[in-house]
Amino acid sequence: MPYEELVKVMRVMSAIRLLIESGQRNVPFFVVKAGEIEVIHPSDVGDTLLATVHAHRFTGDISMILGRPALMRLRVSEPGEVVQLTRDEMHALIQTDAELSDVLMTALIYRRIELIAQGIGDALLIGSAHSAATLRIRTFLTRNGHPFKYVDLDRDPDVRNLLDRFGVDPSDIPVLICRGEALLKNPSNQTIADRLGFNERIDDVHLRDVVIVGAGPAGLAAAVYAASEGLDALVIEASSPGGQAGSSSRIENYLGFPTGISGQELTERAYAQAQKFGAAVMIAKGASELSCQQKQHSVRLEDGARVPARTVIIATGARYRKPALANLAQFDCAGVYYSATFMEEAQLGDADEVIVVGGGNSAGQAALFLARTGRRIHVLVRSNGLSASMSRYLVRRIEETPTIQVRTRTEIVKLEGDGHLERVLCRDGTGAVTSHDVRHVFLMTGAEACTGWLTGRLALDTNGFIKTGPDLTAEDLAEAQWPLARSPYLLETSRPGVFAVGDVRCGNIKRVASAVGEGSIAISFVHRALAESLEPPCGNGSSYASRRQRSNHQTGD
Ligand SMILES: Cc1cc2nc3c(=O)[nH]c(=O)nc-3n(C[C@H](O)[C@H](O)[C@H](O)COP(=O)(O)OP(=O)(O)OC[C@H]3O[C@@H](n4cnc5c(N)ncnc54)[C@H](O)[C@@H]3O)c2cc1C
């Protein structure tokens, strides 16, 4: 937005003392020209002054870019003058002005990081380290970058006061209190997303250029490239952005991060980047069905809604295959975990022995992460060693860590415990079964594709991964009644205009870099597929061709 236009939106802030209330939708952005604005954190125990925004400074945190309700209250403490922009004007500004984008995005992201670190937000979680649901909610809020305060039933001295104040019985926990008023007992992720406004302002009924299913590295990369190239893109994510990478304690082999970066940080940045360019990201909404027509597809959500799309990118990745142990589910988050981050680590208490199952990089990272505090870690692998399945740098570090012991040709055959895991029975290469009093097991065994919702819709390989491009046989195409004269593009599935990228794709190399690469490449095929199709008008009234032209003009492509 040119400076002259900015000046037009200047507003005197004298009479109005309250600029923004916490929880308010459509939060404007203010640059203070003269005067002062106070940033206040309202809570049930009183208001806390967090900061004062003086002249030449600006308000806001990343909620503004994400389109979420305001976390804080803004109050005029000294009358003056502000430049006021709506969220859309602010969006346009950061998309067109690289210098301002740099300053604003950096500040907004760091302000959010600070709030998260200090647990200052609009949600209070009362839970227990012994409750699987508590761990789920903490993980969900953390992976969505939402600041919240956590109070543990068994560890925090003032918990009794809180329970009394909100009339909560200890048997109700976990309880999430949003903005000091809504009390949610063991809420689902979807309820939390709805209550905290994660999916505010997302229109899921108009026809999009591209709908991307899954917000792991592949889906987020596709979203960044699609939106930055002028496509109308919507991402549908069943849980939280970040996918498997988001659960990695440290990724050290992704290009450009020589000292490594936590998966959470990497994917949080990608999430903000996608939204900065204008992609919409729906959280805690799983896709349950894909319907394909010649010119238009649709993705049905678990809540029954149907999202129409001119093209679809499937980036639903993979998840750990659960071993066939009879009572496994009983110990979910009560001794058995599927990722090793600070949150799972907090569940371990003073346990000094832990088992990690798996021989891949994720198991190696988990073992090293958990060994930092001096615990004894037993890594169980069915094969004869780690070298075939794990990166060399991880194998070497494991070898050099005396508290990590690798047990080859060994597997778990039974889990025992009452309410919480107490004992693990293992069988070694000789067939001997031994019992170990270990209360915490991290399972990081082979991955299975998240394609259950696509059975019968797309050609899959024998392991359930999606076949694309040259992997599709003549029989696959005949069975799918492939209607076009051309062959499927490199990342195109057995349905024209439907693409698959990342771990969910048959033949993909299971790495962050390949997921990101495929997500970005897919967009060039999306452009081709859109150009091939006729041009029905888009929900926002502008055609694909005209938006593409504008985007090329902006980026100089
Ligand atoms: C602990 C761990 C450590 C790792 N460390 C490294 C490393 O150091 N270096 C490296 O290169 N790779 C690493 N990897 C591998 C890397 O994380 C994956 O290859 C990468 O995340 C794959 O990205 P993706 O987007 O294809 O899939 P995923 O990351 O699996 O993301 C898929 C997303 O789709 C969502 N989804 C699934 N089904 C649906 C549905 N029906 N509807 C809507 N959404 C759905 C999921 O919730 C998920 O968010 C690691 C993996 C793990 C688990």
# chains A, B, ... in the order shown; residues from 1 in each chain; ligands from 1

$ closest_atom_pairs --of "chain A" --to "ligand 1" --cutoff "6 Å" --atoms "only C-alpha atoms and all ligand atoms" --output "CSV"
residue,atom,partner,partner_atom_place_in_ligand_line,distance
A:Val213,CA,ligand 1,43 (C),5.1
A:Gly214,CA,ligand 1,34 (O),3.3
A:Ala215,CA,ligand 1,49 (O),4.8
A:Gly216,CA,ligand 1,31 (O),3.4
A:Pro217,CA,ligand 1,25 (O),4.0
A:Ala218,CA,ligand 1,25 (O),3.7
A:Gly219,CA,ligand 1,25 (O),5.4
A:Ile236,CA,ligand 1,43 (C),5.3
A:Glu237,CA,ligand 1,44 (N),3.8
A:Ala238,CA,ligand 1,44 (N),3.8
A:Ser239,CA,ligand 1,47 (O),4.8
A:Ser240,CA,ligand 1,49 (O),5.8
A:Pro241,CA,ligand 1,49 (O),5.4
A:Gly242,CA,ligand 1,49 (O),5.4
A:Gly243,CA,ligand 1,49 (O),3.2
A:Gln244,CA,ligand 1,29 (O),3.8
A:Ala245,CA,ligand 1,17 (O),3.4
A:Ser247,CA,ligand 1,1 (C),5.2
A:Ser248,CA,ligand 1,1 (C),4.1
A:Ile251,CA,ligand 1,8 (O),3.8
A:Glu252,CA,ligand 1,8 (O),5.6
A:Asn253,CA,ligand 1,9 (N),5.5
A:Tyr254,CA,ligand 1,11 (O),6.0
A:Gly286,CA,ligand 1,42 (N),3.6
A:Ala287,CA,ligand 1,42 (N),3.8
A:Ser288,CA,ligand 1,41 (N),5.7
A:Ala315,CA,ligand 1,26 (O),5.5
A:Thr316,CA,ligand 1,34 (O),3.4
A:Gly317,CA,ligand 1,27 (O),3.3
A:Ala318,CA,ligand 1,30 (O),4.5
A:Ser339,CA,ligand 1,1 (C),5.8
A:Asn361,CA,ligand 1,5 (N),5.9
A:Ser362,CA,ligand 1,3 (C),3.9
A:Cys450,CA,ligand 1,38 (N),5.2
A:Gly502,CA,ligand 1,26 (O),3.3
A:Asp503,CA,ligand 1,26 (O),3.9
A:Val504,CA,ligand 1,26 (O),5.9
A:Lys510,CA,ligand 1,19 (O),4.0
A:Arg511,CA,ligand 1,11 (O),3.4
A:Val512,CA,ligand 1,11 (O),3.9
A:Ala513,CA,ligand 1,11 (O),5.7
A:Ala515,CA,ligand 1,26 (O),4.9

$ select_by_dssp --residues "region 221-305 of chain A" --states "strand (DSSP E)" --output "list in words"
Ala233, Leu234, Val235, Ile236, Ala280, Val281, Met282, Ala287, Ser288, Glu289, Leu290, Ser291, Cys292, His297, Ser298, Val299, Arg300 and Leu301 of chain A

$ write_last_selection --atoms "N, CA, C and O atoms" --output "tab-separated table (two decimals), in the first residue's frame"
chain	number	residue	atom	x	y	z
A	233	ALA	N	-5.77	-21.14	-2.60
A	233	ALA	CA	-5.41	-22.45	-2.01
A	233	ALA	C	-5.99	-22.60	-0.60
A	233	ALA	O	-5.97	-21.67	0.19
A	234	LEU	N	-6.48	-23.80	-0.34
A	234	LEU	CA	-6.97	-24.14	1.00
A	234	LEU	C	-6.29	-25.42	1.44
A	234	LEU	O	-6.20	-26.39	0.68
A	235	VAL	N	-5.78	-25.43	2.68
A	235	VAL	CA	-5.17	-26.64	3.24
A	235	VAL	C	-6.11	-27.21	4.29
A	235	VAL	O	-6.67	-26.45	5.10
A	236	ILE	N	-6.28	-28.52	4.26
A	236	ILE	CA	-7.12	-29.19	5.26
A	236	ILE	C	-6.21	-30.07	6.11
A	236	ILE	O	-5.54	-30.96	5.57
A	280	ALA	N	-5.31	-20.43	2.96
A	280	ALA	CA	-6.13	-20.66	4.15
A	280	ALA	C	-5.79	-22.05	4.68
A	280	ALA	O	-5.61	-22.98	3.90
A	281	VAL	N	-5.67	-22.17	6.00
A	281	VAL	CA	-5.32	-23.48	6.58
A	281	VAL	C	-6.37	-23.85	7.63
A	281	VAL	O	-6.52	-23.15	8.63
A	282	MET	N	-7.10	-24.93	7.37
A	282	MET	CA	-8.13	-25.39	8.31
A	282	MET	C	-7.52	-26.42	9.24
A	282	MET	O	-6.92	-27.40	8.80
A	287	ALA	N	-9.94	-35.08	6.29
A	287	ALA	CA	-10.62	-35.43	5.04
A	287	ALA	C	-11.07	-36.88	5.14
A	287	ALA	O	-10.30	-37.73	5.59
A	288	SER	N	-12.29	-37.16	4.71
A	288	SER	CA	-12.78	-38.53	4.84
A	288	SER	C	-13.14	-39.16	3.51
A	288	SER	O	-13.39	-40.36	3.43
A	289	GLU	N	-13.22	-38.36	2.45
A	289	GLU	CA	-13.59	-38.93	1.15
A	289	GLU	C	-13.18	-37.97	0.03
A	289	GLU	O	-13.24	-36.76	0.19
A	290	LEU	N	-12.79	-38.58	-1.10
A	290	LEU	CA	-12.45	-37.77	-2.28
A	290	LEU	C	-13.42	-38.14	-3.40
A	290	LEU	O	-13.61	-39.32	-3.68
A	291	SER	N	-14.03	-37.14	-4.00
A	291	SER	CA	-14.89	-37.41	-5.17
A	291	SER	C	-14.29	-36.70	-6.36
A	291	SER	O	-13.90	-35.53	-6.25
A	292	CYS	N	-14.21	-37.40	-7.48
A	292	CYS	CA	-13.58	-36.79	-8.66
A	292	CYS	C	-14.55	-36.76	-9.83
A	292	CYS	O	-15.13	-37.79	-10.18
A	297	HIS	N	-13.47	-31.50	-8.45
A	297	HIS	CA	-13.38	-32.54	-7.44
A	297	HIS	C	-13.98	-32.01	-6.14
A	297	HIS	O	-14.24	-30.82	-6.01
A	298	SER	N	-14.13	-32.91	-5.17
A	298	SER	CA	-14.50	-32.40	-3.85
A	298	SER	C	-13.92	-33.30	-2.78
A	298	SER	O	-13.72	-34.50	-2.99
A	299	VAL	N	-13.61	-32.67	-1.65
A	299	VAL	CA	-13.07	-33.41	-0.50
A	299	VAL	C	-14.11	-33.31	0.60
A	299	VAL	O	-14.51	-32.20	0.99
A	300	ARG	N	-14.56	-34.47	1.06
A	300	ARG	CA	-15.54	-34.44	2.16
A	300	ARG	C	-14.79	-34.47	3.48
A	300	ARG	O	-13.82	-35.21	3.64
A	301	LEU	N	-15.25	-33.65	4.42
A	301	LEU	CA	-14.61	-33.60	5.73
A	301	LEU	C	-15.34	-34.53	6.69
A	301	LEU	O	-16.48	-34.92	6.45

$ atom_distance --atom1 "CA of Met105 (chain A)" --atom2 "CA of Asp61 (chain A)"
8.8 Å

$ atom_distance --atom1 "CA of Gly446 (chain A)" --atom2 "CA of Ala363 (chain A)"
10.3 Å

$ closest_residue --among "A:Ala529, A:Ala324, A:Ile466, A:Val354" --to "Cys506 (chain A)" --atoms "only C-alpha atoms"
A:Ile466

$ closest_atom_pairs --of "region 315-401 of chain A" --to "region 129-133 of chain A" --cutoff "9 Å" --atoms "only C-alpha atoms" --output "JSON lines"
{"residue": "A:Phe331", "atom": "CA", "partner": "A:Ala132", "partner_atom": "CA", "distance": 8.8}
{"residue": "A:Asp332", "atom": "CA", "partner": "A:Ala132", "partner_atom": "CA", "distance": 6.8}
{"residue": "A:Cys333", "atom": "CA", "partner": "A:Ala132", "partner_atom": "CA", "distance": 4.8}
{"residue": "A:Ala334", "atom": "CA", "partner": "A:Ala132", "partner_atom": "CA", "distance": 6.3}
{"residue": "A:Ala346", "atom": "CA", "partner": "A:Ala129", "partner_atom": "CA", "distance": 7.7}
{"residue": "A:Gln347", "atom": "CA", "partner": "A:Ala129", "partner_atom": "CA", "distance": 5.7}
{"residue": "A:Leu348", "atom": "CA", "partner": "A:Ala129", "partner_atom": "CA", "distance": 8.8}
{"residue": "A:Gly349", "atom": "CA", "partner": "A:Ala129", "partner_atom": "CA", "distance": 8.8}

$ write_last_selection --atoms "N, CA and C atoms" --output "CSV table (one decimal), in the first residue's frame"
chain,number,residue,atom,x,y,z
A,331,PHE,N,-2.1,-48.4,26.9
A,331,PHE,CA,-1.0,-47.6,27.5
A,331,PHE,C,-0.6,-46.4,26.7
A,332,ASP,N,-1.6,-46.1,25.7
A,332,ASP,CA,-1.3,-44.8,24.9
A,332,ASP,C,-1.1,-43.6,25.9
A,333,CYS,N,0.0,-43.0,25.8
A,333,CYS,CA,0.4,-41.9,26.6
A,333,CYS,C,0.4,-42.2,28.1
A,334,ALA,N,0.3,-43.5,28.4
A,334,ALA,CA,0.4,-43.9,29.8
A,334,ALA,C,1.6,-44.9,29.8
A,346,ALA,N,8.4,-34.7,29.6
A,346,ALA,CA,7.8,-34.2,30.9
A,346,ALA,C,7.0,-35.3,31.5
A,347,GLN,N,6.5,-36.3,30.7
A,347,GLN,CA,5.7,-37.4,31.3
A,347,GLN,C,6.6,-38.4,32.0
A,348,LEU,N,7.9,-38.4,31.8
A,348,LEU,CA,8.8,-39.4,32.3
A,348,LEU,C,9.1,-39.3,33.8
A,349,GLY,N,8.9,-38.1,34.3
A,349,GLY,CA,9.2,-37.9,35.7
A,349,GLY,C,10.6,-38.3,36.0

$ atom_distance --atom1 "CA of Leu115 (chain A)" --atom2 "CA of Glu265 (chain A)"
14.8 Å

$ residues_around --residues "region 192-209 of chain A" --least-positions-apart "5" --cutoff "8 Å" --atoms "only C-alpha atoms" --output "VMD selection string"
chain A and resid 66 to 69 178 187 231 to 234 280 to 284 306 to 311 530 538 to 540 544

$ select_by_dssp --residues "region 474-512 of chain A" --states "alpha helix (DSSP H)" --output "number ranges by chain"
A: 474-479, 512

$ write_last_selection --atoms "N, CA, C and O atoms" --output "compact mmCIF listing (two decimals), in the first residue's frame"
# COMPACT_ATOMS: atom_id res chain seq x y z
N ALA A 474 -0.58 -49.37 -17.18
CA ALA A 474 -1.72 -49.26 -18.12
C ALA A 474 -2.98 -49.82 -17.45
O ALA A 474 -4.08 -49.27 -17.63
N GLU A 475 -2.80 -50.87 -16.64
CA GLU A 475 -3.97 -51.47 -15.96
C GLU A 475 -4.56 -50.47 -14.94
O GLU A 475 -5.77 -50.34 -14.82
N ASP A 476 -3.65 -49.79 -14.20
CA ASP A 476 -4.14 -48.80 -13.22
C ASP A 476 -4.99 -47.75 -13.93
O ASP A 476 -6.06 -47.37 -13.45
N LEU A 477 -4.48 -47.27 -15.07
CA LEU A 477 -5.18 -46.19 -15.77
C LEU A 477 -6.48 -46.68 -16.38
O LEU A 477 -7.50 -45.97 -16.37
N ALA A 478 -6.45 -47.94 -16.88
CA ALA A 478 -7.68 -48.49 -17.46
C ALA A 478 -8.73 -48.64 -16.37
O ALA A 478 -9.90 -48.28 -16.54
N GLU A 479 -8.29 -49.14 -15.21
CA GLU A 479 -9.24 -49.35 -14.11
C GLU A 479 -9.84 -48.01 -13.64
O GLU A 479 -11.02 -47.91 -13.30
N VAL A 512 12.32 -34.67 4.91
CA VAL A 512 11.68 -33.36 4.87
C VAL A 512 11.96 -32.69 3.52
O VAL A 512 11.06 -32.14 2.87

$ residues_around --residues "Ile173 (chain A)" --least-positions-apart "4" --cutoff "10 Å" --atoms "only C-alpha atoms" --output "VMD selection string"
chain A and resid 125 to 128 131 133 to 134 152 to 153 163 168 to 169 184 to 186

$ residues_around --residues "Gln118 (chain A)" --least-positions-apart "2" --cutoff "9 Å" --atoms "only C-alpha atoms" --output "number ranges by chain"
A: 113-116, 120-121, 147-149

$ closest_residue --among "A:Phe30, A:Phe525, A:Tyr110, A:Phe465" --to "Val82 (chain A)" --atoms "only C-alpha atoms"
A:Phe30

$ residues_around --residues "region 432-437 of chain A" --least-positions-apart "2" --cutoff "12 Å" --atoms "only C-alpha atoms" --output "PDB file with N, CA, C and O atoms, in the first residue's frame"
ATOM      1  N   GLY A 335       2.658 -44.504  29.212  1.00  0.00           N
ATOM      2  CA  GLY A 335       3.849 -45.358  29.153  1.00  0.00           C
ATOM      3  C   GLY A 335       4.265 -45.669  27.725  1.00  0.00           C
ATOM      4  O   GLY A 335       5.397 -46.048  27.476  1.00  0.00           O
ATOM      5  N   ALA A 351      11.909 -41.295  35.891  1.00  0.00           N
ATOM      6  CA  ALA A 351      12.264 -42.617  35.318  1.00  0.00           C
ATOM      7  C   ALA A 351      13.690 -42.574  34.782  1.00  0.00           C
ATOM      8  O   ALA A 351      14.065 -41.644  34.085  1.00  0.00           O
ATOM      9  N   ASP A 352      14.491 -43.570  35.139  1.00  0.00           N
ATOM     10  CA  ASP A 352      15.879 -43.527  34.667  1.00  0.00           C
ATOM     11  C   ASP A 352      16.148 -44.536  33.561  1.00  0.00           C
ATOM     12  O   ASP A 352      17.270 -44.667  33.100  1.00  0.00           O
ATOM     13  N   GLU A 353      15.110 -45.273  33.128  1.00  0.00           N
ATOM     14  CA  GLU A 353      15.305 -46.207  32.017  1.00  0.00           C
ATOM     15  C   GLU A 353      14.152 -46.097  31.027  1.00  0.00           C
ATOM     16  O   GLU A 353      12.986 -46.029  31.439  1.00  0.00           O
ATOM     17  N   VAL A 354      14.489 -46.076  29.754  1.00  0.00           N
ATOM     18  CA  VAL A 354      13.487 -45.882  28.709  1.00  0.00           C
ATOM     19  C   VAL A 354      13.823 -46.805  27.544  1.00  0.00           C
ATOM     20  O   VAL A 354      14.997 -47.044  27.270  1.00  0.00           O
ATOM     21  N   ILE A 355      12.781 -47.315  26.875  1.00  0.00           N
ATOM     22  CA  ILE A 355      13.025 -48.123  25.673  1.00  0.00           C
ATOM     23  C   ILE A 355      12.592 -47.320  24.448  1.00  0.00           C
ATOM     24  O   ILE A 355      11.520 -46.706  24.449  1.00  0.00           O
ATOM     25  N   HIS A 378      17.471 -47.899  26.008  1.00  0.00           N
ATOM     26  CA  HIS A 378      17.638 -49.165  25.282  1.00  0.00           C
ATOM     27  C   HIS A 378      16.974 -48.998  23.927  1.00  0.00           C
ATOM     28  O   HIS A 378      15.764 -48.758  23.858  1.00  0.00           O
ATOM     29  N   ARG A 409      18.224 -57.540  16.989  1.00  0.00           N
ATOM     30  CA  ARG A 409      17.399 -58.753  16.860  1.00  0.00           C
ATOM     31  C   ARG A 409      16.511 -58.955  18.096  1.00  0.00           C
ATOM     32  O   ARG A 409      16.345 -60.057  18.606  1.00  0.00           O
ATOM     33  N   THR A 410      15.965 -57.833  18.557  1.00  0.00           N
ATOM     34  CA  THR A 410      15.140 -57.880  19.774  1.00  0.00           C
ATOM     35  C   THR A 410      13.820 -57.168  19.514  1.00  0.00           C
ATOM     36  O   THR A 410      13.788 -56.146  18.828  1.00  0.00           O
ATOM     37  N   GLU A 411      12.744 -57.742  20.055  1.00  0.00           N
ATOM     38  CA  GLU A 411      11.437 -57.073  19.900  1.00  0.00           C
ATOM     39  C   GLU A 411      10.608 -57.226  21.157  1.00  0.00           C
ATOM     40  O   GLU A 411      10.822 -58.153  21.954  1.00  0.00           O
ATOM     41  N   ILE A 412       9.665 -56.311  21.311  1.00  0.00           N
ATOM     42  CA  ILE A 412       8.749 -56.391  22.458  1.00  0.00           C
ATOM     43  C   ILE A 412       7.660 -57.408  22.142  1.00  0.00           C
ATOM     44  O   ILE A 412       7.089 -57.390  21.045  1.00  0.00           O
ATOM     45  N   VAL A 413       7.373 -58.288  23.095  1.00  0.00           N
ATOM     46  CA  VAL A 413       6.293 -59.251  22.857  1.00  0.00           C
ATOM     47  C   VAL A 413       5.100 -59.031  23.782  1.00  0.00           C
ATOM     48  O   VAL A 413       4.007 -59.494  23.517  1.00  0.00           O
ATOM     49  N   LYS A 414       5.317 -58.286  24.858  1.00  0.00           N
ATOM     50  CA  LYS A 414       4.186 -58.061  25.764  1.00  0.00           C
ATOM     51  C   LYS A 414       4.405 -56.804  26.616  1.00  0.00           C
ATOM     52  O   LYS A 414       5.541 -56.490  26.986  1.00  0.00           O
ATOM     53  N   LEU A 415       3.302 -56.115  26.864  1.00  0.00           N
ATOM     54  CA  LEU A 415       3.345 -54.960  27.769  1.00  0.00           C
ATOM     55  C   LEU A 415       2.474 -55.303  28.981  1.00  0.00           C
ATOM     56  O   LEU A 415       1.381 -55.856  28.824  1.00  0.00           O
ATOM     57  N   GLU A 416       2.936 -54.953  30.184  1.00  0.00           N
ATOM     58  CA  GLU A 416       2.140 -55.259  31.375  1.00  0.00           C
ATOM     59  C   GLU A 416       2.041 -54.028  32.268  1.00  0.00           C
ATOM     60  O   GLU A 416       2.981 -53.208  32.327  1.00  0.00           O
ATOM     61  N   GLY A 417       0.933 -53.907  32.974  1.00  0.00           N
ATOM     62  CA  GLY A 417       0.778 -52.784  33.904  1.00  0.00           C
ATOM     63  C   GLY A 417      -0.687 -52.584  34.227  1.00  0.00           C
ATOM     64  O   GLY A 417      -1.561 -53.102  33.533  1.00  0.00           O
ATOM     65  N   LEU A 421       1.985 -48.321  32.166  1.00  0.00           N
ATOM     66  CA  LEU A 421       2.941 -49.385  31.835  1.00  0.00           C
ATOM     67  C   LEU A 421       3.902 -49.615  33.014  1.00  0.00           C
ATOM     68  O   LEU A 421       4.429 -48.655  33.577  1.00  0.00           O
ATOM     69  N   GLU A 422       4.094 -50.892  33.367  1.00  0.00           N
ATOM     70  CA  GLU A 422       5.016 -51.198  34.477  1.00  0.00           C
ATOM     71  C   GLU A 422       6.149 -52.119  34.040  1.00  0.00           C
ATOM     72  O   GLU A 422       7.245 -52.073  34.587  1.00  0.00           O
ATOM     73  N   ARG A 423       5.856 -52.971  33.061  1.00  0.00           N
ATOM     74  CA  ARG A 423       6.823 -54.005  32.670  1.00  0.00           C
ATOM     75  C   ARG A 423       6.763 -54.263  31.169  1.00  0.00           C
ATOM     76  O   ARG A 423       5.683 -54.161  30.566  1.00  0.00           O
ATOM     77  N   VAL A 424       7.923 -54.617  30.597  1.00  0.00           N
ATOM     78  CA  VAL A 424       7.983 -54.926  29.166  1.00  0.00           C
ATOM     79  C   VAL A 424       8.670 -56.278  28.999  1.00  0.00           C
ATOM     80  O   VAL A 424       9.731 -56.513  29.587  1.00  0.00           O
ATOM     81  N   LEU A 425       8.046 -57.152  28.217  1.00  0.00           N
ATOM     82  CA  LEU A 425       8.675 -58.444  27.946  1.00  0.00           C
ATOM     83  C   LEU A 425       9.274 -58.412  26.544  1.00  0.00           C
ATOM     84  O   LEU A 425       8.568 -58.067  25.578  1.00  0.00           O
ATOM     85  N   CYS A 426      10.563 -58.783  26.454  1.00  0.00           N
ATOM     86  CA  CYS A 426      11.264 -58.705  25.159  1.00  0.00           C
ATOM     87  C   CYS A 426      11.787 -60.084  24.763  1.00  0.00           C
ATOM     88  O   CYS A 426      12.213 -60.874  25.622  1.00  0.00           O
ATOM     89  N   ARG A 427      11.771 -60.324  23.422  1.00  0.00           N
ATOM     90  CA  ARG A 427      12.362 -61.582  22.918  1.00  0.00           C
ATOM     91  C   ARG A 427      13.607 -61.222  22.125  1.00  0.00           C
ATOM     92  O   ARG A 427      13.569 -60.342  21.244  1.00  0.00           O
ATOM     93  N   ASP A 428      14.728 -61.893  22.444  1.00  0.00           N
ATOM     94  CA  ASP A 428      15.965 -61.600  21.709  1.00  0.00           C
ATOM     95  C   ASP A 428      16.193 -62.621  20.600  1.00  0.00           C
ATOM     96  O   ASP A 428      15.355 -63.502  20.369  1.00  0.00           O
ATOM     97  N   GLY A 429      17.333 -62.480  19.906  1.00  0.00           N
ATOM     98  CA  GLY A 429      17.626 -63.318  18.744  1.00  0.00           C
ATOM     99  C   GLY A 429      17.668 -64.808  19.044  1.00  0.00           C
ATOM    100  O   GLY A 429      17.455 -65.638  18.151  1.00  0.00           O
ATOM    101  N   THR A 430      17.920 -65.191  20.294  1.00  0.00           N
ATOM    102  CA  THR A 430      17.981 -66.627  20.647  1.00  0.00           C
ATOM    103  C   THR A 430      16.578 -67.172  20.917  1.00  0.00           C
ATOM    104  O   THR A 430      16.403 -68.360  21.140  1.00  0.00           O
ATOM    105  N   ARG A 439       9.012 -48.386  32.486  1.00  0.00           N
ATOM    106  CA  ARG A 439       7.667 -47.798  32.488  1.00  0.00           C
ATOM    107  C   ARG A 439       7.382 -46.897  31.280  1.00  0.00           C
ATOM    108  O   ARG A 439       6.286 -46.379  31.142  1.00  0.00           O
ATOM    109  N   HIS A 440       8.384 -46.716  30.404  1.00  0.00           N
ATOM    110  CA  HIS A 440       8.182 -45.799  29.270  1.00  0.00           C
ATOM    111  C   HIS A 440       8.800 -46.359  27.986  1.00  0.00           C
ATOM    112  O   HIS A 440       9.995 -46.658  27.964  1.00  0.00           O
ATOM    113  N   VAL A 441       7.973 -46.475  26.959  1.00  0.00           N
ATOM    114  CA  VAL A 441       8.427 -47.032  25.681  1.00  0.00           C
ATOM    115  C   VAL A 441       8.057 -46.067  24.564  1.00  0.00           C
ATOM    116  O   VAL A 441       6.910 -45.597  24.489  1.00  0.00           O
TER     117      VAL A 441
END

$ closest_residue --among "A:Lys285, A:Arg495, A:Arg321, A:His41" --to "Ala305 (chain A)" --atoms "only C-alpha atoms"
A:Lys285

$ closest_residue --among "A:Arg375, A:Leu380, A:Arg17, A:Met444" --to "Val336 (chain A)" --atoms "only C-alpha atoms"
A:Met444

$ residues_around --residues "Ile20 (chain A)" --least-positions-apart "3" --cutoff "9 Å" --atoms "only C-alpha atoms" --output "mmCIF file with N, CA, C and O atoms, in the first residue's frame"
data_model
loop_
_atom_site.group_PDB
_atom_site.id
_atom_site.type_symbol
_atom_site.label_atom_id
_atom_site.label_comp_id
_atom_site.auth_asym_id
_atom_site.auth_seq_id
_atom_site.Cartn_x
_atom_site.Cartn_y
_atom_site.Cartn_z
ATOM 1 N N GLY A 23 -10.175 -11.509 22.368
ATOM 2 C CA GLY A 23 -11.218 -12.359 21.796
ATOM 3 C C GLY A 23 -11.907 -11.709 20.604
ATOM 4 O O GLY A 23 -12.683 -12.366 19.889
ATOM 5 N N GLN A 24 -11.605 -10.415 20.366
ATOM 6 C CA GLN A 24 -12.250 -9.703 19.251
ATOM 7 C C GLN A 24 -11.831 -10.295 17.901
ATOM 8 O O GLN A 24 -10.669 -10.640 17.706
ATOM 9 N N VAL A 27 -9.175 -8.266 13.825
ATOM 10 C CA VAL A 27 -8.308 -7.358 14.592
ATOM 11 C C VAL A 27 -7.554 -6.425 13.651
ATOM 12 O O VAL A 27 -6.825 -6.886 12.774
ATOM 13 N N PRO A 28 -7.690 -5.101 13.810
ATOM 14 C CA PRO A 28 -6.898 -4.205 12.966
ATOM 15 C C PRO A 28 -5.452 -4.111 13.451
ATOM 16 O O PRO A 28 -5.128 -4.514 14.567
ATOM 17 N N ALA A 70 -8.127 -11.747 18.733
ATOM 18 C CA ALA A 70 -7.065 -11.080 19.506
ATOM 19 C C ALA A 70 -6.838 -11.802 20.827
ATOM 20 O O ALA A 70 -7.782 -12.231 21.484
ATOM 21 N N MET A 72 -4.927 -10.260 23.272
ATOM 22 C CA MET A 72 -4.738 -9.220 24.288
ATOM 23 C C MET A 72 -5.736 -8.073 24.105
ATOM 24 O O MET A 72 -6.315 -7.911 23.048
ATOM 25 N N ARG A 73 -5.824 -7.279 25.146
ATOM 26 C CA ARG A 73 -6.634 -6.059 25.092
ATOM 27 C C ARG A 73 -5.687 -4.891 24.779
ATOM 28 O O ARG A 73 -4.579 -4.847 25.312
ATOM 29 N N LEU A 74 -6.118 -3.979 23.918
ATOM 30 C CA LEU A 74 -5.318 -2.785 23.630
ATOM 31 C C LEU A 74 -6.077 -1.561 24.125
ATOM 32 O O LEU A 74 -7.262 -1.406 23.811
ATOM 33 N N ARG A 75 -5.373 -0.721 24.876
ATOM 34 C CA ARG A 75 -6.034 0.434 25.478
ATOM 35 C C ARG A 75 -5.189 1.685 25.238
ATOM 36 O O ARG A 75 -3.961 1.637 25.358
#

$ closest_residue --among "A:Tyr489, A:Tyr338, A:Tyr225, A:Phe499" --to "Gly517 (chain A)" --atoms "only C-alpha atoms"
A:Tyr225
